[in-house]
>>> print(open('structure-v8.cif').read())   # mmCIF, C-alpha atoms
data_data
loop_
_atom_site.label_atom_id
_atom_site.label_comp_id
_atom_site.auth_asym_id
_atom_site.auth_seq_id
_atom_site.Cartn_x
_atom_site.Cartn_y
_atom_site.Cartn_z
CA MET A 1 73.19 -53.74 28.82
CA VAL A 2 72.52 -53.01 25.15
CA LEU A 3 68.88 -53.02 24.11
CA THR A 4 67.47 -52.97 20.63
CA ILE A 5 64.51 -50.79 19.77
CA ARG A 6 62.38 -53.90 19.75
CA ASP A 7 63.54 -54.68 23.29
CA VAL A 8 62.73 -51.19 24.57
CA LEU A 9 59.34 -50.99 22.85
CA THR A 10 58.33 -54.49 23.91
CA LYS A 11 59.26 -53.69 27.49
CA LEU A 12 57.16 -50.54 27.27
CA LEU A 13 54.19 -52.40 25.79
CA VAL A 14 54.33 -55.17 28.39
CA ASP A 15 54.42 -52.67 31.24
CA ALA A 16 51.53 -50.79 29.61
CA ASP A 17 49.44 -53.98 29.49
CA TYR A 18 49.26 -53.56 25.74
CA PRO A 19 47.59 -56.62 24.15
CA GLU A 20 50.23 -59.20 23.29
CA VAL A 21 48.80 -59.90 19.84
CA LYS A 22 49.23 -56.26 18.88
CA ARG A 23 52.78 -55.74 20.13
CA GLU A 24 54.48 -57.02 17.00
CA GLY A 25 52.39 -54.67 14.88
CA PHE A 26 53.27 -51.74 17.11
CA VAL A 27 57.00 -52.37 16.80
CA ASN A 28 56.81 -52.87 13.04
CA THR A 29 54.80 -49.70 12.59
CA PHE A 30 57.43 -47.85 14.59
CA TYR A 31 60.06 -49.06 12.10
CA GLU A 32 57.82 -48.05 9.19
CA TYR A 33 57.10 -44.66 10.64
CA LEU A 34 60.71 -43.79 11.38
CA PHE A 35 61.91 -45.02 8.03
CA MET A 36 59.22 -42.98 6.31
CA LYS A 37 60.34 -39.88 8.26
CA LEU A 38 63.90 -40.68 7.24
CA LEU A 39 62.87 -40.74 3.58
CA ILE A 40 61.03 -37.44 3.95
CA GLU A 41 64.19 -35.84 5.36
CA LEU A 42 66.22 -37.38 2.58
CA GLU A 43 63.84 -36.04 -0.05
CA GLN A 44 64.48 -32.52 1.21
CA THR A 45 68.24 -32.95 1.60
CA ASP A 46 69.13 -35.02 -1.45
CA PRO A 47 66.25 -35.54 -3.91
CA GLN A 48 68.44 -37.59 -6.23
CA MET A 49 69.41 -40.04 -3.53
CA TYR A 50 65.80 -40.14 -2.38
CA SER A 51 64.57 -41.10 -5.86
CA ARG A 52 67.16 -43.81 -6.08
CA LEU A 53 66.20 -45.22 -2.70
CA MET A 54 62.50 -45.11 -3.53
CA GLU A 55 63.15 -47.09 -6.67
CA ASP A 56 65.05 -49.64 -4.64
CA LEU A 57 62.25 -49.89 -2.10
CA ASN A 58 59.65 -50.36 -4.81
CA GLY A 59 61.73 -52.90 -6.70
CA LYS A 60 61.42 -56.63 -6.30
CA ASP A 61 65.13 -57.29 -6.07
CA VAL A 62 65.91 -55.10 -3.12
CA ASN A 63 69.52 -55.21 -2.11
CA ASP A 64 69.76 -55.03 1.68
CA VAL A 65 73.41 -54.10 1.70
CA GLN A 66 72.82 -51.36 -0.84
CA ILE A 67 70.05 -49.85 1.28
CA GLN A 68 72.23 -49.93 4.36
CA ASP A 69 75.10 -48.39 2.47
CA VAL A 70 72.94 -45.56 1.19
CA ILE A 71 71.58 -44.76 4.64
CA ALA A 72 75.04 -44.93 6.21
CA GLU A 73 76.44 -42.74 3.47
CA VAL A 74 73.85 -39.98 3.75
CA TYR A 75 73.84 -40.14 7.55
CA ALA A 76 77.56 -39.41 7.49
CA ARG A 77 76.78 -35.99 6.03
CA PRO A 78 76.58 -33.45 8.86
CA GLU A 79 73.60 -31.55 7.46
CA PHE A 80 71.57 -34.74 7.06
CA LYS A 81 72.71 -36.16 10.39
CA ASP A 82 71.52 -33.07 12.24
CA LYS A 83 68.09 -33.25 10.64
CA VAL A 84 67.70 -36.98 11.23
CA ASP A 85 68.87 -36.74 14.82
CA LYS A 86 66.34 -33.99 15.43
CA MET A 87 63.58 -36.00 13.76
CA VAL A 88 64.37 -39.16 15.74
CA THR A 89 64.48 -37.19 18.99
CA GLU A 90 61.08 -35.65 18.22
CA VAL A 91 59.57 -39.09 17.67
CA THR A 92 61.14 -40.62 20.77
CA ASP A 93 60.16 -37.58 22.82
CA GLU A 94 56.53 -37.96 21.74
CA LEU A 95 56.51 -41.57 22.82
CA ALA A 96 58.32 -40.82 26.06
CA GLY A 97 55.87 -37.98 26.63
CA ASP A 98 52.95 -40.41 26.40
CA VAL A 99 54.63 -42.64 28.96
CA ALA A 100 55.36 -39.76 31.33
CA LYS A 101 51.83 -38.44 31.05
CA TYR A 102 49.71 -41.56 31.15
CA ALA A 103 51.66 -44.30 32.93
CA THR A 104 50.80 -44.98 36.53
CA ASP A 105 53.56 -44.68 39.10
CA PRO A 106 54.09 -48.47 39.34
CA GLN A 107 54.26 -48.64 35.52
CA LYS A 108 56.87 -45.89 35.47
CA GLN A 109 58.94 -47.68 38.06
CA ASN A 110 58.82 -50.94 36.12
CA ILE A 111 59.74 -49.25 32.86
CA LEU A 112 62.74 -47.53 34.41
CA LYS A 113 63.92 -50.71 36.07
CA GLY A 114 64.05 -52.41 32.69
CA LEU A 115 66.09 -49.70 30.97
CA PRO A 116 69.86 -49.57 30.92
CA ALA A 117 71.33 -46.92 33.21
CA MET B 118 50.49 49.90 36.25
CA PRO B 119 49.14 46.47 35.37
CA ASP B 120 51.28 43.46 36.13
CA VAL B 121 52.42 41.89 32.86
CA SER B 122 54.91 39.47 34.30
CA PRO B 123 54.85 35.97 32.75
CA GLY B 124 52.48 33.53 34.43
CA ALA B 125 50.38 36.20 36.01
CA GLU B 126 46.79 35.11 36.26
CA LYS B 127 44.50 37.97 35.60
CA SER B 128 40.82 38.48 35.69
CA SER B 129 38.69 41.52 35.15
CA ALA B 130 37.49 43.42 38.17
CA THR B 131 35.95 46.74 38.75
CA THR B 132 36.67 49.29 41.46
CA SER B 133 33.93 50.98 43.45
CA GLU B 134 34.34 53.88 41.11
CA GLY B 135 33.59 51.65 38.14
CA GLN B 136 37.17 51.72 36.86
CA ALA B 137 38.34 48.50 35.37
CA VAL B 138 41.48 47.14 37.01
CA SER B 139 43.61 44.15 36.55
CA LYS B 140 43.27 41.57 39.33
CA VAL B 141 46.56 39.79 39.90
CA ASN B 142 46.90 36.50 41.77
CA PRO B 143 48.32 37.54 45.14
CA VAL B 144 50.96 34.86 44.97
CA LEU B 145 52.37 36.40 41.83
CA ALA B 146 52.00 39.93 43.00
CA PRO B 147 55.18 41.89 43.61
CA GLY B 148 56.31 41.40 47.14
CA ALA B 149 54.83 37.91 47.52
CA ALA B 150 57.07 35.24 48.99
CA ALA B 151 59.44 33.91 46.34
CA GLU B 152 58.96 30.31 47.50
CA LYS B 153 55.18 30.50 47.17
CA ARG B 154 55.53 31.98 43.73
CA GLN B 155 57.87 29.25 42.62
CA ASN B 156 55.52 26.55 43.97
CA PHE B 157 52.60 28.13 42.19
CA ILE B 158 54.47 28.23 38.89
CA TYR B 159 55.68 24.64 39.39
CA ASN B 160 52.13 23.46 39.95
CA ILE B 161 50.93 25.20 36.84
CA LEU B 162 53.68 23.60 34.76
CA HIS B 163 53.08 20.21 36.34
CA ARG B 164 49.38 20.40 35.56
CA LYS B 165 50.21 21.26 31.97
CA LYS B 166 52.48 18.23 31.73
CA LYS B 167 49.76 15.93 33.01
CA THR B 168 47.40 17.24 30.39
CA ASP B 169 49.96 16.54 27.68
CA THR B 170 50.38 12.97 28.93
CA ALA B 171 46.65 12.43 28.90
CA LYS B 172 46.49 13.72 25.38
CA SER B 173 49.17 11.33 24.22
CA ALA B 174 47.10 8.42 25.51
CA VAL B 175 44.50 9.13 22.88
CA PRO B 176 45.10 6.71 20.01
CA GLU B 177 46.82 8.22 17.05
CA PRO B 178 44.99 7.93 13.75
CA VAL B 179 46.09 4.74 12.02
CA SER B 180 47.89 5.30 8.77
CA PRO B 181 46.52 3.63 5.62
CA PRO B 182 49.65 1.41 5.22
CA ALA B 183 49.22 0.15 8.80
CA VAL B 184 45.57 -0.69 8.11
CA ALA B 185 46.56 -2.51 4.95
CA ALA B 186 49.21 -4.48 6.84
CA ALA B 187 46.71 -5.49 9.52
CA GLU B 188 44.24 -6.63 6.89
CA ARG B 189 46.93 -8.75 5.27
CA VAL B 190 47.65 -10.47 8.60
CA GLU B 191 44.04 -11.04 9.60
CA PRO B 192 43.12 -13.66 6.99
CA ALA B 193 46.17 -15.70 8.03
CA LEU B 194 44.89 -15.87 11.59
CA GLU B 195 41.44 -16.95 10.48
CA ARG B 196 42.58 -19.42 7.84
CA PRO B 197 41.12 -22.91 8.05
CA LEU B 198 43.28 -25.56 9.66
CA THR B 199 45.28 -27.80 7.38
CA PRO B 200 44.49 -31.54 7.36
CA ASP B 201 47.74 -32.13 9.23
CA GLU B 202 46.80 -29.62 11.94
CA ILE B 203 43.32 -31.15 12.24
CA ARG B 204 44.85 -34.62 12.51
CA LYS B 205 47.25 -33.51 15.23
CA ALA B 206 44.50 -31.75 17.14
CA GLU B 207 42.24 -34.81 16.95
CA LEU B 208 45.07 -37.10 17.97
CA GLY B 209 45.93 -34.91 20.92
CA LYS B 210 42.30 -34.89 22.02
CA ARG B 211 41.93 -38.64 21.56
CA ILE B 212 45.11 -39.48 23.41
CA THR B 213 44.22 -37.10 26.21
CA GLU B 214 40.79 -38.71 26.55
CA ALA B 215 42.14 -42.23 26.28
CA GLY B 216 45.03 -41.57 28.56
CA LYS B 217 42.97 -40.35 31.47
CA ASP B 218 43.38 -42.38 34.64
CA GLY B 219 46.80 -43.53 33.55
CA ARG B 220 45.65 -45.78 30.73
CA LEU B 221 49.00 -45.90 29.00
CA GLY B 222 48.05 -48.80 26.75
CA VAL B 223 45.11 -46.88 25.32
CA ALA B 224 47.26 -43.78 24.79
CA LEU B 225 49.82 -45.89 22.93
CA GLU B 226 47.02 -47.25 20.76
CA GLY B 227 46.19 -43.66 19.83
CA ARG B 228 49.83 -43.02 19.00
CA LEU B 229 49.89 -46.12 16.79
CA GLU B 230 46.79 -44.94 14.93
CA ASP B 231 48.49 -41.62 14.27
CA TRP B 232 51.54 -43.34 12.82
CA HIS B 233 49.29 -45.46 10.56
CA THR B 234 47.47 -42.36 9.38
CA GLN B 235 50.67 -40.49 8.59
CA ILE B 236 52.15 -43.46 6.74
CA SER B 237 48.96 -43.90 4.70
CA ASP B 238 48.85 -40.20 3.86
CA TRP B 239 52.47 -40.29 2.78
CA LEU B 240 51.94 -43.33 0.58
CA ILE B 241 49.05 -41.57 -1.12
CA LYS B 242 51.14 -38.45 -1.57
CA VAL B 243 54.22 -40.20 -2.90
CA GLN B 244 54.14 -40.55 -6.62
CA GLY B 245 54.93 -43.82 -8.31
CA VAL B 246 54.23 -46.31 -5.56
CA PRO B 247 52.76 -49.21 -7.52
CA ASP B 248 52.04 -51.39 -4.53
CA PRO B 249 51.46 -49.55 -1.24
CA MET B 250 51.30 -52.77 0.78
CA SER B 251 54.58 -53.91 -0.63
CA MET B 252 55.99 -50.48 0.12
CA ARG B 253 54.87 -50.72 3.73
CA GLU B 254 56.58 -54.04 4.04
CA SER B 255 59.72 -52.49 2.63
CA LEU B 256 59.49 -49.62 5.09
CA SER B 257 59.16 -52.01 7.98
CA ARG B 258 61.85 -54.34 6.73
CA PHE B 259 64.40 -51.64 6.04
CA GLY B 260 63.45 -49.69 9.10
CA GLN B 261 64.38 -52.73 11.13
CA LEU B 262 67.43 -53.36 9.01
CA VAL B 263 68.76 -49.88 9.65
CA MET B 264 67.60 -49.38 13.21
CA ASP B 265 67.74 -52.89 14.63
CA PRO B 266 70.16 -54.74 12.35
CA ASP B 267 71.06 -57.28 15.00
CA LEU B 268 67.57 -58.72 14.79
CA GLN B 269 68.06 -59.76 11.19
CA VAL B 270 70.48 -62.59 11.66
CA GLU B 271 70.78 -63.41 8.02
CA ASP B 272 71.30 -59.80 7.06
CA SER B 273 73.79 -59.17 9.83
CA LYS B 274 76.02 -61.85 8.36
CA ARG B 275 76.20 -59.96 5.13
CA GLN B 276 78.79 -57.43 4.32
CA GLY B 277 77.58 -53.95 5.23
CA ALA B 278 75.39 -54.94 8.14
CA GLU B 279 78.03 -53.89 10.66
CA MET B 280 78.43 -50.62 8.85
CA ALA B 281 74.76 -49.82 9.30
CA ARG B 282 74.58 -51.15 12.82
CA ASP B 283 72.71 -48.77 15.07
CA VAL B 284 73.60 -46.08 12.61
CA LEU B 285 70.83 -43.74 13.72
CA GLY B 286 71.18 -44.55 17.41
CA VAL B 287 67.41 -44.73 17.79
CA ALA B 288 67.45 -47.16 20.72
CA ASP B 289 69.77 -44.90 22.69
CA LYS B 290 67.67 -41.87 21.90
CA LEU B 291 64.50 -43.65 22.96
CA VAL B 292 66.02 -44.79 26.26
CA THR B 293 67.41 -41.32 26.88
CA SER B 294 64.04 -39.69 26.15
CA ILE B 295 62.20 -42.01 28.52
CA ARG B 296 64.83 -41.62 31.24
CA LEU B 297 64.71 -37.85 30.93
CA ARG B 298 60.93 -37.82 31.20
CA LEU B 299 60.72 -40.32 34.02
CA GLY B 300 64.05 -39.54 35.63
CA GLY B 301 64.58 -38.05 39.04
CA PRO B 302 63.18 -40.07 41.93
CA TYR B 303 62.54 -43.13 39.76
CA SER B 304 66.19 -43.58 38.94
CA LYS B 305 67.09 -43.54 42.63
CA GLY B 306 65.15 -46.24 44.35
CA GLY B 307 61.82 -46.06 42.58
CA GLN B 308 60.08 -43.50 44.71
CA ASN B 309 57.02 -41.72 43.48
CA GLY B 310 57.49 -38.71 41.28
CA SER B 311 55.59 -36.27 39.18
CA ASP B 312 54.32 -36.97 35.72
CA ASN B 313 56.77 -34.76 33.95
#
>>> encode(input="structure-v8.cif", output="structure tokens")
Amino acid sequence: MVLTIRDVLTKLLVDADYPEVKREGFVNTFYEYLFMKLLIELEQTDPQMYSRLMEDLNGKDVNDVQIQDVIAEVYARPEFKDKVDKMVTEVTDELAGDVAKYATDPQKQNILKGLPA
Amino acid sequence: MPDVSPGAEKSSATTSEGQAVSKVNPVLAPGAAAEKRQNFIYNILHRKKKTDTAKSAVPEPVSPPAVAAAERVEPALERPLTPDEIRKAELGKRITEAGKDGRLGVALEGRLEDWHTQISDWLIKVQGVPDPMSMRESLSRFGQLVMDPDLQVEDSKRQGAEMARDVLGVADKLVTSIRLRLGGPYSKGGQNGSDN
């Protein structure tokens, strides 16, 4: 079973009894937050590429393919990949830490049942 | 003839005739048992050693460079917290309070607030962002595009979408993190387990 981030987060939010009207905002903010962290890493690794990407993001005619290409290109670099992987793991660990610490036992069981093995 | 052998303990004494004589410790006197003499000398040396050890426990005077170094370190320990450290401390406190009694939803709300705060701070810090709201939309849009490209049907039809598909592997990392934290008994029949 392949889950998207939206699938995993929504499952988490449902099991946490998180208000339905706020779930979409939570997922979108997660995207925003991770992409911002990605840009911060990029700024340190390749300031030129970062400036270019920031211009694209601020522009009105944003080219989706171009953005994807840039991210894929920089992620292919080992030094950037290591940093991004570490950053992503830190973020996911924080979230998983909240779940481990504050979920009740039935909530934990439900969350695990819904995740791919 | 007075005993002048090394280690001899002497004290002044006077004979009945008033003549001053040297009083030698009987253990060290000629003819005393060799074993007793050796023990006596050993004890003396041992006692000396103990005294030396005690002396070494007394703090040495601190050299001026060491004092200067300590003074340089001290202000760093007493420096005020940075806004980021304050934010993290407040978040930790808030989440801990909110998360008591297993209120996961409230703890997640605290986490969401922290993300909002960090994004807002970053937008303020970043130079040349003419429209922060528009920038946030871009962050969300491209975050999804990069991390969950399958959700953007129109985009996934375009050239390049496959290339960026799951490029960061965030979903896998999230599932792995949760499984690692909740793993153990839960992954084998859903028995109760510890929090961590």
>>> closest_residue(input="structure-v8.cif", among="A:Leu57, A:Ala103, A:Leu39, A:Met49", to="A:Leu13", atoms="only C-alpha atoms")
A:Ala103
>>> residues_around(input="structure-v8.cif", residues="stretch 84-101 of chain A", least_positions_apart="6", cutoff="8 Å", atoms="only C-alpha atoms", output="PyMOL selection string")
(chain A and resi 34+37-38+41+75+108) or (chain B and resi 216+219+221+224-225+228+285+287+290-291+294-295+298-299+312-313)
>>> write_last_selection(input="structure-v8.cif", atoms="C-alpha atoms", output="mmCIF file, in the frame of the given file")
data_model
loop_
_atom_site.group_PDB
_atom_site.id
_atom_site.type_symbol
_atom_site.label_atom_id
_atom_site.label_comp_id
_atom_site.auth_asym_id
_atom_site.auth_seq_id
_atom_site.Cartn_x
_atom_site.Cartn_y
_atom_site.Cartn_z
ATOM 1 C CA LEU A 34 60.710 -43.790 11.380
ATOM 2 C CA LYS A 37 60.340 -39.880 8.260
ATOM 3 C CA LEU A 38 63.900 -40.680 7.240
ATOM 4 C CA GLU A 41 64.190 -35.840 5.360
ATOM 5 C CA TYR A 75 73.840 -40.140 7.550
ATOM 6 C CA LYS A 108 56.870 -45.890 35.470
ATOM 7 C CA GLY B 216 45.030 -41.570 28.560
ATOM 8 C CA GLY B 219 46.800 -43.530 33.550
ATOM 9 C CA LEU B 221 49.000 -45.900 29.000
ATOM 10 C CA ALA B 224 47.260 -43.780 24.790
ATOM 11 C CA LEU B 225 49.820 -45.890 22.930
ATOM 12 C CA ARG B 228 49.830 -43.020 19.000
ATOM 13 C CA LEU B 285 70.830 -43.740 13.720
ATOM 14 C CA VAL B 287 67.410 -44.730 17.790
ATOM 15 C CA LYS B 290 67.670 -41.870 21.900
ATOM 16 C CA LEU B 291 64.500 -43.650 22.960
ATOM 17 C CA SER B 294 64.040 -39.690 26.150
ATOM 18 C CA ILE B 295 62.200 -42.010 28.520
ATOM 19 C CA ARG B 298 60.930 -37.820 31.200
ATOM 20 C CA LEU B 299 60.720 -40.320 34.020
ATOM 21 C CA ASP B 312 54.320 -36.970 35.720
ATOM 22 C CA ASN B 313 56.770 -34.760 33.950
#
>>> resolve_selection(input="structure-v8.cif", expression="the PyMOL selection byres ((chain B and resi 235-244) around 10)", output="ChimeraX atom specification")
/A:29,32-37,40,54 /B:201,204,229-234,245-250,252-253,256
>>> closest_residue(input="structure-v8.cif", among="A:Asp17, A:Asp82, A:Glu43, A:Glu24", to="chain B", atoms="all atoms listed in the file")
A:Asp17
>>> closest_residue(input="structure-v8.cif", among="A:Leu42, A:Val27, A:Ala117, A:Leu53", to="A:Glu79", atoms="only C-alpha atoms")
A:Leu42
>>> residues_around(input="structure-v8.cif", residues="A:Pro116", least_positions_apart="4", cutoff="12 Å", atoms="only C-alpha atoms", output="list in words")
Met1, Val2, Leu3, Thr4, Asp7, Val8, Lys11, Ile111 and Leu112 of chain A; Ala288, Asp289, Leu291, Val292, Thr293, Ile295, Arg296 and Ser304 of chain B
>>> write_last_selection(input="structure-v8.cif", atoms="C-alpha atoms", output="PDB file, in the frame of the given file")
ATOM      1  CA  MET A   1      73.190 -53.740  28.820  1.00  0.00           C
ATOM      2  CA  VAL A   2      72.520 -53.010  25.150  1.00  0.00           C
ATOM      3  CA  LEU A   3      68.880 -53.020  24.110  1.00  0.00           C
ATOM      4  CA  THR A   4      67.470 -52.970  20.630  1.00  0.00           C
ATOM      5  CA  ASP A   7      63.540 -54.680  23.290  1.00  0.00           C
ATOM      6  CA  VAL A   8      62.730 -51.190  24.570  1.00  0.00           C
ATOM      7  CA  LYS A  11      59.260 -53.690  27.490  1.00  0.00           C
ATOM      8  CA  ILE A 111      59.740 -49.250  32.860  1.00  0.00           C
ATOM      9  CA  LEU A 112      62.740 -47.530  34.410  1.00  0.00           C
TER      10      LEU A 112
ATOM     11  CA  ALA B 288      67.450 -47.160  20.720  1.00  0.00           C
ATOM     12  CA  ASP B 289      69.770 -44.900  22.690  1.00  0.00           C
ATOM     13  CA  LEU B 291      64.500 -43.650  22.960  1.00  0.00           C
ATOM     14  CA  VAL B 292      66.020 -44.790  26.260  1.00  0.00           C
ATOM     15  CA  THR B 293      67.410 -41.320  26.880  1.00  0.00           C
ATOM     16  CA  ILE B 295      62.200 -42.010  28.520  1.00  0.00           C
ATOM     17  CA  ARG B 296      64.830 -41.620  31.240  1.00  0.00           C
ATOM     18  CA  SER B 304      66.190 -43.580  38.940  1.00  0.00           C
TER      19      SER B 304
END
>>> atom_distance(input="structure-v8.cif", atom1="atom CA of A:Ala72", atom2="atom CA of B:Gln261")
14.1 Å
>>> closest_residue(input="structure-v8.cif", among="A:Val70, A:Val65, A:Ile5, A:Val14", to="A:Arg52", atoms="only C-alpha atoms")
A:Val70
>>> closest_residue(input="structure-v8.cif", among="B:Gly222, B:Arg258, B:Met264, B:Pro197", to="A:Thr104", atoms="all atoms listed in the file")
B:Gly222
>>> atom_distance(input="structure-v8.cif", atom1="atom CA of A:Val62", atom2="atom CA of A:Asp46")
20.4 Å
>>> residues_around(input="structure-v8.cif", residues="A:Ile67", least_positions_apart="6", cutoff="10 Å", atoms="all atoms listed in the file", output="PyMOL selection string")
(chain A and resi 52-53+56-57+73) or (chain B and resi 259+262-263+277+281)
>>> write_last_selection(input="structure-v8.cif", atoms="C-alpha atoms", output="mmCIF file, in the frame of the given file")
data_model
loop_
_atom_site.group_PDB
_atom_site.id
_atom_site.type_symbol
_atom_site.label_atom_id
_atom_site.label_comp_id
_atom_site.auth_asym_id
_atom_site.auth_seq_id
_atom_site.Cartn_x
_atom_site.Cartn_y
_atom_site.Cartn_z
ATOM 1 C CA ARG A 52 67.160 -43.810 -6.080
ATOM 2 C CA LEU A 53 66.200 -45.220 -2.700
ATOM 3 C CA ASP A 56 65.050 -49.640 -4.640
ATOM 4 C CA LEU A 57 62.250 -49.890 -2.100
ATOM 5 C CA GLU A 73 76.440 -42.740 3.470
ATOM 6 C CA PHE B 259 64.400 -51.640 6.040
ATOM 7 C CA LEU B 262 67.430 -53.360 9.010
ATOM 8 C CA VAL B 263 68.760 -49.880 9.650
ATOM 9 C CA GLY B 277 77.580 -53.950 5.230
ATOM 10 C CA ALA B 281 74.760 -49.820 9.300
#
>>> atom_distance(input="structure-v8.cif", atom1="atom CA of A:Asp15", atom2="atom CA of B:Ser255")
29.1 Å
